[in-house]
Amino acid sequence: MIRFTSVVFGTAIAAVLAAATAFAEPAIIYSVGGKFDGSFNESAYSGVKRFQDETGSPVREFELERDAQSLQALRSFASRGFEPVVVIGFNQANALTQTASNFPETNFAIVDMVVDKPNVRSYVFKEQEGAYLAGLLAAKASKSGTIGFVGGMDIPIIRRFLCGYKQGALAVNPDIRVLFNMTGDTPAAFADPIRGGELATVQIRRGADVIIQAAGGTGIGVLQKAADAGILGIGTDSNQNGLHPGKVLTSIRKRVDNAVHDSFLAARNGTFKPGIQVLGVADGGMDWVLDDNNRDLITSDMKAAVEAAVKGISDGSVKVHDVVSEGACPF
């Protein structure tokens with residue numbers, strides 16, 4: 001990770017960007033936590049890597065250490081002709097709003113927030129749909145009748161995930177108990193694996209035998225504590241099954257990698273369009289992972305149930321509550 005002090009911040013960004021070429025190349029600004037956070041940012045990096053492997057084109061990258069760096073990084077990329085400039089995370093929305101107005105000829109994209117500007121493509125996800133699948137699987141795997149949820153920052157996106165998780169679990173077992181904790185109220189809540197482990201430990205002591213993390217880098221600590229305690233974890237954003245083979249029930253992927261890859265490719269092909277892209281289960285924007293690391297954990301009944309849920313969500317026969325557009329979680 002690139003680290004800066006407040007004194008040398010401007011100089012450091014200039015050094016990172018100094019090698020820009022006269023040709024339009026894509027750029028990405030990762031959220032706090034670094035591109036190898038094992039979760040949200042790393043999913044974005046997977047999209048970068050796929051684009052590079054397919055095209056051979058370079059991509060300029062920048063890793064935020066704190067949110068205050070976003071505005072200057074955006075301006076630096078835009079002023080040097082990088083395009084599109086993709087930012088990862090809702091916490092960069094204000095900086096992007098300013099920059100998109102100042103550089104109206106530059107195309108930008110943001111993941112996990114809507115920025116209503118004529119040169120911005122916004123990617124948002126139906127997190128509740130992926131979470132429903134997780135809740136269903138957690139309830140089927142639980143022997144104690146108690147499952148857990150550790151979220152990152154207490155924001156609508158994470159509350160949306162929590163509600164979908166509850167709904168999926170209750171569809172299997174109306175009497176199931178769902179424990180939940182949020183890690184904090186700032187973006188730093190997504191980069192605190194020690195705190196994530198502490199919250200998981202509390203839930204385990206209260207009887208949870210399956211715990212999902214919806215906490216970015218903080219969730220690495222959640223999965224570690226779950227594995228150490230001999231219970232099951234559920235990963236999110238990236239495929240985290242391999243972090244603890246046989247101990248991670250599944251991973252609910254938010255296909256940030258596809259959003260990044262598609263933005264870069266569209267700009268390269270001259271087909272980049274601003275606007276809002278909403279990605280859910282039906283179009284592969286949210287999915288669950290079955291691989292060699294968790295195959296023995298997923299029974300035929302569980303697999304059939306989750307496949308039926310995917311079909312139902314996709315055709316509209318299963319409606320998952322969205323706390324953002326439909327109000328408080330009824331579960």
# chains A, B, ... in the order shown; residues from 1 in each chain; ligands from 1
call {"tool": "residues_around", "arguments": {"residues": "A:Lys225", "least_positions_apart": "3", "cutoff": "12 Å", "atoms": "only C-alpha atoms", "output": "PyMOL selection string"}}
result
chain A and resi 150+193-205+209-213+218-222+228-234+243-244+247-248
call {"tool": "write_last_selection", "arguments": {"atoms": "N, CA and C atoms", "output": "mmCIF file, in the first residue's frame"}}
result
data_model
loop_
_atom_site.group_PDB
_atom_site.id
_atom_site.type_symbol
_atom_site.label_atom_id
_atom_site.label_comp_id
_atom_site.auth_asym_id
_atom_site.auth_seq_id
_atom_site.Cartn_x
_atom_site.Cartn_y
_atom_site.Cartn_z
ATOM 1 N N VAL A 150 -21.634 -9.668 10.749
ATOM 2 C CA VAL A 150 -20.759 -8.560 11.138
ATOM 3 C C VAL A 150 -20.634 -7.624 9.949
ATOM 4 N N PRO A 193 -9.555 -5.527 10.817
ATOM 5 C CA PRO A 193 -9.760 -6.961 11.024
ATOM 6 C C PRO A 193 -9.705 -7.389 12.487
ATOM 7 N N ILE A 194 -8.960 -6.676 13.317
ATOM 8 C CA ILE A 194 -8.901 -7.024 14.739
ATOM 9 C C ILE A 194 -10.270 -6.836 15.383
ATOM 10 N N ARG A 195 -10.905 -5.704 15.105
ATOM 11 C CA ARG A 195 -12.235 -5.451 15.636
ATOM 12 C C ARG A 195 -13.243 -6.441 15.063
ATOM 13 N N GLY A 196 -13.090 -6.772 13.782
ATOM 14 C CA GLY A 196 -13.976 -7.762 13.179
ATOM 15 C C GLY A 196 -13.903 -9.091 13.903
ATOM 16 N N GLY A 197 -12.687 -9.510 14.254
ATOM 17 C CA GLY A 197 -12.506 -10.755 14.994
ATOM 18 C C GLY A 197 -13.132 -10.694 16.372
ATOM 19 N N GLU A 198 -13.029 -9.543 17.022
ATOM 20 C CA GLU A 198 -13.630 -9.384 18.356
ATOM 21 C C GLU A 198 -15.147 -9.517 18.292
ATOM 22 N N LEU A 199 -15.761 -8.897 17.301
ATOM 23 C CA LEU A 199 -17.215 -8.964 17.173
ATOM 24 C C LEU A 199 -17.669 -10.387 16.850
ATOM 25 N N ALA A 200 -16.903 -11.071 16.013
ATOM 26 C CA ALA A 200 -17.232 -12.468 15.700
ATOM 27 C C ALA A 200 -17.151 -13.334 16.952
ATOM 28 N N THR A 201 -16.149 -13.100 17.771
ATOM 29 C CA THR A 201 -15.989 -13.874 18.996
ATOM 30 C C THR A 201 -17.184 -13.706 19.922
ATOM 31 N N VAL A 202 -17.678 -12.485 20.034
ATOM 32 C CA VAL A 202 -18.862 -12.226 20.870
ATOM 33 C C VAL A 202 -20.062 -13.012 20.350
ATOM 34 N N GLN A 203 -20.245 -13.010 19.038
ATOM 35 C CA GLN A 203 -21.380 -13.731 18.467
ATOM 36 C C GLN A 203 -21.237 -15.241 18.638
ATOM 37 N N ILE A 204 -20.036 -15.734 18.509
ATOM 38 C CA ILE A 204 -19.789 -17.174 18.707
ATOM 39 C C ILE A 204 -20.133 -17.568 20.144
ATOM 40 N N ARG A 205 -19.752 -16.738 21.101
ATOM 41 C CA ARG A 205 -20.064 -17.016 22.509
ATOM 42 C C ARG A 205 -21.572 -17.015 22.756
ATOM 43 N N ASP A 209 -23.246 -20.252 14.933
ATOM 44 C CA ASP A 209 -22.357 -21.252 14.343
ATOM 45 C C ASP A 209 -22.145 -21.039 12.849
ATOM 46 N N VAL A 210 -22.719 -19.974 12.315
ATOM 47 C CA VAL A 210 -22.415 -19.497 10.966
ATOM 48 C C VAL A 210 -22.419 -17.974 11.039
ATOM 49 N N ILE A 211 -21.371 -17.321 10.550
ATOM 50 C CA ILE A 211 -21.294 -15.855 10.585
ATOM 51 C C ILE A 211 -20.872 -15.337 9.219
ATOM 52 N N ILE A 212 -21.626 -14.394 8.710
ATOM 53 C CA ILE A 212 -21.257 -13.728 7.462
ATOM 54 C C ILE A 212 -20.555 -12.416 7.786
ATOM 55 N N GLN A 213 -19.589 -12.064 6.984
ATOM 56 C CA GLN A 213 -18.962 -10.756 7.115
ATOM 57 C C GLN A 213 -19.397 -9.891 5.936
ATOM 58 N N THR A 218 -12.182 -5.615 7.178
ATOM 59 C CA THR A 218 -12.520 -6.004 8.550
ATOM 60 C C THR A 218 -12.991 -7.447 8.591
ATOM 61 N N GLY A 219 -13.647 -7.878 7.529
ATOM 62 C CA GLY A 219 -14.196 -9.229 7.473
ATOM 63 C C GLY A 219 -13.157 -10.320 7.462
ATOM 64 N N ILE A 220 -11.914 -9.991 7.127
ATOM 65 C CA ILE A 220 -10.856 -11.004 7.170
ATOM 66 C C ILE A 220 -10.694 -11.516 8.597
ATOM 67 N N GLY A 221 -10.819 -10.615 9.558
ATOM 68 C CA GLY A 221 -10.744 -11.014 10.955
ATOM 69 C C GLY A 221 -11.939 -11.845 11.390
ATOM 70 N N VAL A 222 -13.098 -11.547 10.816
ATOM 71 C CA VAL A 222 -14.308 -12.319 11.115
ATOM 72 C C VAL A 222 -14.132 -13.764 10.658
ATOM 73 N N ASP A 228 -11.079 -20.381 13.432
ATOM 74 C CA ASP A 228 -10.389 -20.781 14.657
ATOM 75 C C ASP A 228 -11.335 -21.463 15.643
ATOM 76 N N ALA A 229 -12.592 -21.014 15.632
ATOM 77 C CA ALA A 229 -13.568 -21.536 16.579
ATOM 78 C C ALA A 229 -14.264 -22.798 16.068
ATOM 79 N N GLY A 230 -13.963 -23.195 14.844
ATOM 80 C CA GLY A 230 -14.559 -24.401 14.292
ATOM 81 C C GLY A 230 -15.986 -24.217 13.808
ATOM 82 N N ILE A 231 -16.375 -22.957 13.538
ATOM 83 C CA ILE A 231 -17.690 -22.706 12.957
ATOM 84 C C ILE A 231 -17.498 -22.246 11.510
ATOM 85 N N LEU A 232 -18.595 -21.951 10.841
ATOM 86 C CA LEU A 232 -18.525 -21.570 9.432
ATOM 87 C C LEU A 232 -18.613 -20.057 9.248
ATOM 88 N N GLY A 233 -17.790 -19.551 8.355
ATOM 89 C CA GLY A 233 -17.895 -18.166 7.935
ATOM 90 C C GLY A 233 -18.519 -18.094 6.549
ATOM 91 N N ILE A 234 -18.965 -16.917 6.168
ATOM 92 C CA ILE A 234 -19.422 -16.652 4.800
ATOM 93 C C ILE A 234 -18.718 -15.389 4.327
ATOM 94 N N LEU A 243 -9.630 -18.795 1.670
ATOM 95 C CA LEU A 243 -8.914 -18.266 2.834
ATOM 96 C C LEU A 243 -8.840 -19.304 3.947
ATOM 97 N N HIS A 244 -9.925 -20.070 4.093
ATOM 98 C CA HIS A 244 -9.985 -21.125 5.112
ATOM 99 C C HIS A 244 -10.757 -22.296 4.511
ATOM 100 N N LYS A 247 -13.919 -24.206 5.833
ATOM 101 C CA LYS A 247 -14.457 -23.414 6.944
ATOM 102 C C LYS A 247 -15.298 -22.231 6.459
ATOM 103 N N VAL A 248 -15.285 -21.967 5.172
ATOM 104 C CA VAL A 248 -16.088 -20.885 4.607
ATOM 105 C C VAL A 248 -17.214 -21.523 3.804
#
call {"tool": "residues_around", "arguments": {"residues": "A:Gln52", "least_positions_apart": "5", "cutoff": "12 Å", "atoms": "only C-alpha atoms", "output": "ChimeraX atom specification"}}
result
/A:25-27,45-47,57-60,260-261,264-265,268
call {"tool": "select_by_dssp", "arguments": {"residues": "stretch 99-297 of chain A", "states": "alpha helix (DSSP H)", "output": "PyMOL selection string"}}
result
chain A and resi 99-102+127-141+156-172+193-205+218-229+256-269
call {"tool": "closest_residue", "arguments": {"among": "A:Val318, A:Ala134, A:Leu249, A:Ala309", "to": "A:Asp291", "atoms": "only C-alpha atoms"}}
result
A:Leu249
call {"tool": "select_by_dssp", "arguments": {"residues": "stretch 80-327 of chain A", "states": "strand (DSSP E)", "output": "ChimeraX atom specification"}}
result
/A:85-88,108-111,120-125,146-153,177-184,210-214,232-237,248-254,275-279,286-288
call {"tool": "write_last_selection", "arguments": {"atoms": "C-alpha atoms", "output": "short mmCIF file (atom, residue, chain, number, x, y, z; two decimals), in the first residue's frame"}}
result
data_model
loop_
_atom_site.label_atom_id
_atom_site.label_comp_id
_atom_site.auth_asym_id
_atom_site.auth_seq_id
_atom_site.Cartn_x
_atom_site.Cartn_y
_atom_site.Cartn_z
CA VAL A 85 -11.10 7.34 -14.03
CA VAL A 86 -12.87 4.79 -11.86
CA VAL A 87 -13.31 5.28 -8.12
CA ILE A 88 -14.16 2.48 -5.73
CA PHE A 108 -15.55 8.78 -14.81
CA ALA A 109 -17.16 5.80 -13.09
CA ILE A 110 -17.98 5.05 -9.47
CA VAL A 111 -18.80 1.77 -7.77
CA VAL A 120 -20.22 9.69 -14.80
CA ARG A 121 -21.23 6.04 -14.96
CA SER A 122 -22.53 4.81 -11.60
CA TYR A 123 -22.59 1.15 -10.63
CA VAL A 124 -24.84 0.05 -7.79
CA PHE A 125 -25.73 -3.46 -6.71
CA THR A 146 -28.34 -18.96 15.69
CA ILE A 147 -26.39 -17.25 12.93
CA GLY A 148 -24.40 -14.03 12.87
CA PHE A 149 -23.69 -10.96 10.77
CA VAL A 150 -20.76 -8.56 11.14
CA GLY A 151 -21.07 -5.41 9.05
CA GLY A 152 -18.57 -2.67 8.39
CA MET A 153 -19.70 0.94 8.47
CA ARG A 177 -31.99 -16.05 15.61
CA VAL A 178 -29.83 -13.57 13.70
CA LEU A 179 -27.17 -11.73 15.72
CA PHE A 180 -25.66 -8.64 14.15
CA ASN A 181 -23.07 -5.97 14.86
CA MET A 182 -21.73 -3.03 12.87
CA THR A 183 -18.06 -2.23 13.23
CA GLY A 184 -18.26 1.58 13.23
CA VAL A 210 -22.41 -19.50 10.97
CA ILE A 211 -21.29 -15.86 10.59
CA ILE A 212 -21.26 -13.73 7.46
CA GLN A 213 -18.96 -10.76 7.11
CA ALA A 214 -20.10 -7.68 5.18
CA LEU A 232 -18.52 -21.57 9.43
CA GLY A 233 -17.90 -18.17 7.94
CA ILE A 234 -19.42 -16.65 4.80
CA GLY A 235 -17.33 -14.36 2.63
CA THR A 236 -18.43 -11.39 0.56
CA ASP A 237 -17.34 -9.26 -2.39
CA VAL A 248 -16.09 -20.88 4.61
CA LEU A 249 -19.59 -22.01 3.67
CA THR A 250 -19.66 -19.85 0.54
CA SER A 251 -18.82 -16.38 -0.70
CA ILE A 252 -21.38 -13.88 -1.96
CA ARG A 253 -19.64 -12.01 -4.71
CA LYS A 254 -20.43 -8.43 -5.62
CA GLY A 275 -25.82 6.76 -16.31
CA ILE A 276 -26.78 4.25 -13.64
CA GLN A 277 -26.08 0.54 -13.93
CA VAL A 278 -27.98 -1.59 -11.39
CA LEU A 279 -26.60 -5.12 -11.05
CA MET A 286 -24.42 -10.76 -7.36
CA ASP A 287 -23.70 -14.48 -7.10
CA TRP A 288 -22.58 -17.26 -4.78
#
call {"tool": "atom_distance", "arguments": {"atom1": "atom CA of A:Ala227", "atom2": "atom CA of A:Leu297"}}
result
13.7 Å
call {"tool": "closest_residue", "arguments": {"among": "A:Ala93, A:Val306, A:Met113, A:Ala24", "to": "A:Gly270", "atoms": "only C-alpha atoms"}}
result
A:Ala24
call {"tool": "residues_around", "arguments": {"residues": "A:Asn41", "least_positions_apart": "3", "cutoff": "10 Å", "atoms": "only C-alpha atoms", "output": "list in words"}}
result
Ile29, Tyr30, Ser31, Val32, Gly33, Gly34, Lys35, Phe36, Asp37, Gly38, Ala44, Tyr45, Ser46, Glu63, Ile88, Gly89, Gly216, Gly217, Asp237, Ser238, Val256 and Asp257 of chain A
call {"tool": "write_last_selection", "arguments": {"atoms": "all heavy atoms", "output": "compact mmCIF listing (two decimals), in the first residue's frame"}}
result
# COMPACT_ATOMS: atom_id res chain seq x y z
N ILE A 29 -8.92 4.47 -8.58
CA ILE A 29 -8.59 4.90 -7.23
C ILE A 29 -9.31 3.95 -6.27
O ILE A 29 -10.55 3.96 -6.19
CB ILE A 29 -9.01 6.36 -6.97
CG1 ILE A 29 -8.34 7.29 -7.99
CG2 ILE A 29 -8.63 6.77 -5.54
CD1 ILE A 29 -8.83 8.72 -7.93
N TYR A 30 -8.55 3.13 -5.58
CA TYR A 30 -9.14 2.17 -4.65
C TYR A 30 -9.57 2.88 -3.37
O TYR A 30 -9.03 3.91 -3.00
CB TYR A 30 -8.13 1.08 -4.30
CG TYR A 30 -7.69 0.25 -5.49
CD1 TYR A 30 -6.46 0.48 -6.10
CD2 TYR A 30 -8.50 -0.76 -5.99
CE1 TYR A 30 -6.05 -0.28 -7.19
CE2 TYR A 30 -8.11 -1.54 -7.07
CZ TYR A 30 -6.88 -1.28 -7.66
OH TYR A 30 -6.47 -2.04 -8.74
N SER A 31 -10.51 2.27 -2.68
CA SER A 31 -10.97 2.81 -1.42
C SER A 31 -9.95 2.53 -0.32
O SER A 31 -8.96 1.82 -0.51
CB SER A 31 -12.33 2.21 -1.06
OG SER A 31 -12.89 2.88 0.05
N VAL A 32 -10.21 3.08 0.85
CA VAL A 32 -9.36 2.85 2.01
C VAL A 32 -9.28 1.35 2.30
O VAL A 32 -10.28 0.64 2.24
CB VAL A 32 -9.93 3.60 3.23
CG1 VAL A 32 -9.15 3.24 4.49
CG2 VAL A 32 -9.90 5.11 3.00
N GLY A 33 -8.11 0.87 2.59
CA GLY A 33 -7.91 -0.55 2.88
C GLY A 33 -6.96 -1.22 1.91
O GLY A 33 -6.44 -2.30 2.19
N GLY A 34 -6.72 -0.59 0.74
CA GLY A 34 -5.75 -1.12 -0.20
C GLY A 34 -6.33 -2.15 -1.14
O GLY A 34 -7.33 -2.79 -0.86
N LYS A 35 -5.68 -2.30 -2.29
CA LYS A 35 -6.22 -3.17 -3.33
C LYS A 35 -6.10 -4.65 -2.99
O LYS A 35 -6.77 -5.47 -3.59
CB LYS A 35 -5.56 -2.89 -4.67
CG LYS A 35 -4.10 -3.29 -4.80
CD LYS A 35 -3.60 -2.96 -6.20
CE LYS A 35 -2.14 -3.34 -6.39
NZ LYS A 35 -1.65 -3.00 -7.75
N PHE A 36 -5.28 -4.99 -2.01
CA PHE A 36 -5.17 -6.39 -1.59
C PHE A 36 -5.84 -6.60 -0.24
O PHE A 36 -5.31 -7.27 0.65
CB PHE A 36 -3.71 -6.82 -1.56
CG PHE A 36 -3.05 -6.81 -2.91
CD1 PHE A 36 -1.95 -6.01 -3.16
CD2 PHE A 36 -3.56 -7.59 -3.95
CE1 PHE A 36 -1.35 -5.99 -4.42
CE2 PHE A 36 -2.97 -7.57 -5.21
CZ PHE A 36 -1.87 -6.77 -5.45
N ASP A 37 -7.05 -6.04 -0.09
CA ASP A 37 -7.78 -6.19 1.17
C ASP A 37 -8.46 -7.54 1.28
O ASP A 37 -9.07 -7.86 2.29
CB ASP A 37 -8.80 -5.07 1.35
CG ASP A 37 -9.91 -5.09 0.29
OD1 ASP A 37 -9.82 -5.89 -0.67
OD2 ASP A 37 -10.86 -4.28 0.41
N GLY A 38 -8.38 -8.37 0.23
CA GLY A 38 -9.02 -9.67 0.25
C GLY A 38 -10.51 -9.62 0.08
O GLY A 38 -11.19 -10.63 0.24
N ALA A 44 -12.20 -5.30 -7.24
CA ALA A 44 -11.94 -4.27 -8.25
C ALA A 44 -10.62 -4.54 -8.96
O ALA A 44 -10.52 -4.43 -10.19
CB ALA A 44 -11.91 -2.89 -7.60
N TYR A 45 -9.59 -4.91 -8.19
CA TYR A 45 -8.29 -5.21 -8.79
C TYR A 45 -8.38 -6.38 -9.76
O TYR A 45 -7.69 -6.40 -10.78
CB TYR A 45 -7.26 -5.50 -7.69
CG TYR A 45 -5.95 -5.98 -8.24
CD1 TYR A 45 -5.13 -5.13 -8.98
CD2 TYR A 45 -5.53 -7.29 -8.04
CE1 TYR A 45 -3.92 -5.58 -9.51
CE2 TYR A 45 -4.33 -7.75 -8.56
CZ TYR A 45 -3.53 -6.88 -9.30
OH TYR A 45 -2.36 -7.33 -9.83
N SER A 46 -9.23 -7.36 -9.46
CA SER A 46 -9.40 -8.49 -10.38
C SER A 46 -9.90 -8.01 -11.74
O SER A 46 -9.50 -8.54 -12.78
CB SER A 46 -10.39 -9.51 -9.79
OG SER A 46 -9.86 -10.11 -8.63
N GLU A 63 -3.99 3.99 -4.34
CA GLU A 63 -4.64 3.44 -3.15
C GLU A 63 -4.77 4.51 -2.08
O GLU A 63 -3.77 5.08 -1.63
CB GLU A 63 -3.82 2.26 -2.60
CG GLU A 63 -3.65 1.13 -3.60
CD GLU A 63 -2.73 0.04 -3.08
OE1 GLU A 63 -3.05 -0.56 -2.03
OE2 GLU A 63 -1.68 -0.20 -3.72
N ILE A 88 -13.55 3.61 -6.42
CA ILE A 88 -14.16 2.48 -5.73
C ILE A 88 -14.66 2.94 -4.36
O ILE A 88 -13.88 3.38 -3.52
CB ILE A 88 -13.16 1.32 -5.55
CG1 ILE A 88 -12.58 0.91 -6.91
CG2 ILE A 88 -13.83 0.14 -4.87
CD1 ILE A 88 -13.60 0.47 -7.94
N GLY A 89 -15.97 2.86 -4.15
CA GLY A 89 -16.53 3.14 -2.83
C GLY A 89 -17.35 4.40 -2.76
O GLY A 89 -17.04 5.42 -3.38
N GLY A 216 -15.74 -5.66 4.29
CA GLY A 216 -14.49 -5.40 3.59
C GLY A 216 -13.31 -6.05 4.27
O GLY A 216 -13.36 -7.22 4.67
N GLY A 217 -12.23 -5.29 4.43
CA GLY A 217 -11.02 -5.84 5.06
C GLY A 217 -11.24 -6.25 6.50
O GLY A 217 -10.56 -7.16 7.00
N ASP A 237 -18.03 -10.08 -1.38
CA ASP A 237 -17.34 -9.26 -2.39
C ASP A 237 -16.46 -10.10 -3.31
O ASP A 237 -16.75 -10.25 -4.48
CB ASP A 237 -16.54 -8.12 -1.76
CG ASP A 237 -17.43 -7.09 -1.07
OD1 ASP A 237 -18.61 -6.98 -1.45
OD2 ASP A 237 -16.96 -6.42 -0.14
N SER A 238 -15.37 -10.65 -2.80
CA SER A 238 -14.51 -11.55 -3.57
C SER A 238 -14.81 -13.00 -3.18
O SER A 238 -15.52 -13.25 -2.20
CB SER A 238 -13.03 -11.26 -3.30
OG SER A 238 -12.68 -9.95 -3.69
N VAL A 256 -17.82 -6.38 -8.53
CA VAL A 256 -17.10 -5.12 -8.74
C VAL A 256 -16.09 -5.29 -9.88
O VAL A 256 -15.83 -4.36 -10.64
CB VAL A 256 -16.40 -4.69 -7.44
CG1 VAL A 256 -15.58 -3.42 -7.66
CG2 VAL A 256 -17.42 -4.47 -6.33
N ASP A 257 -15.53 -6.50 -9.98
CA ASP A 257 -14.56 -6.77 -11.05
C ASP A 257 -15.19 -6.54 -12.42
O ASP A 257 -14.56 -5.97 -13.32
CB ASP A 257 -14.02 -8.18 -10.94
CG ASP A 257 -15.09 -9.26 -10.95
OD1 ASP A 257 -16.22 -9.01 -10.48
OD2 ASP A 257 -14.81 -10.36 -11.45
call {"tool": "closest_residue", "arguments": {"among": "A:Glu65, A:Glu129, A:Asp112, A:Glu326", "to": "A:Ala191", "atoms": "only C-alpha atoms"}}
result
A:Glu65
call {"tool": "residues_around", "arguments": {"residues": "A:Ile176", "least_positions_apart": "3", "cutoff": "12 Å", "atoms": "only C-alpha atoms", "output": "PyMOL selection string"}}
result
chain A and resi 135-136+138-148+165-173+179+207-210+331
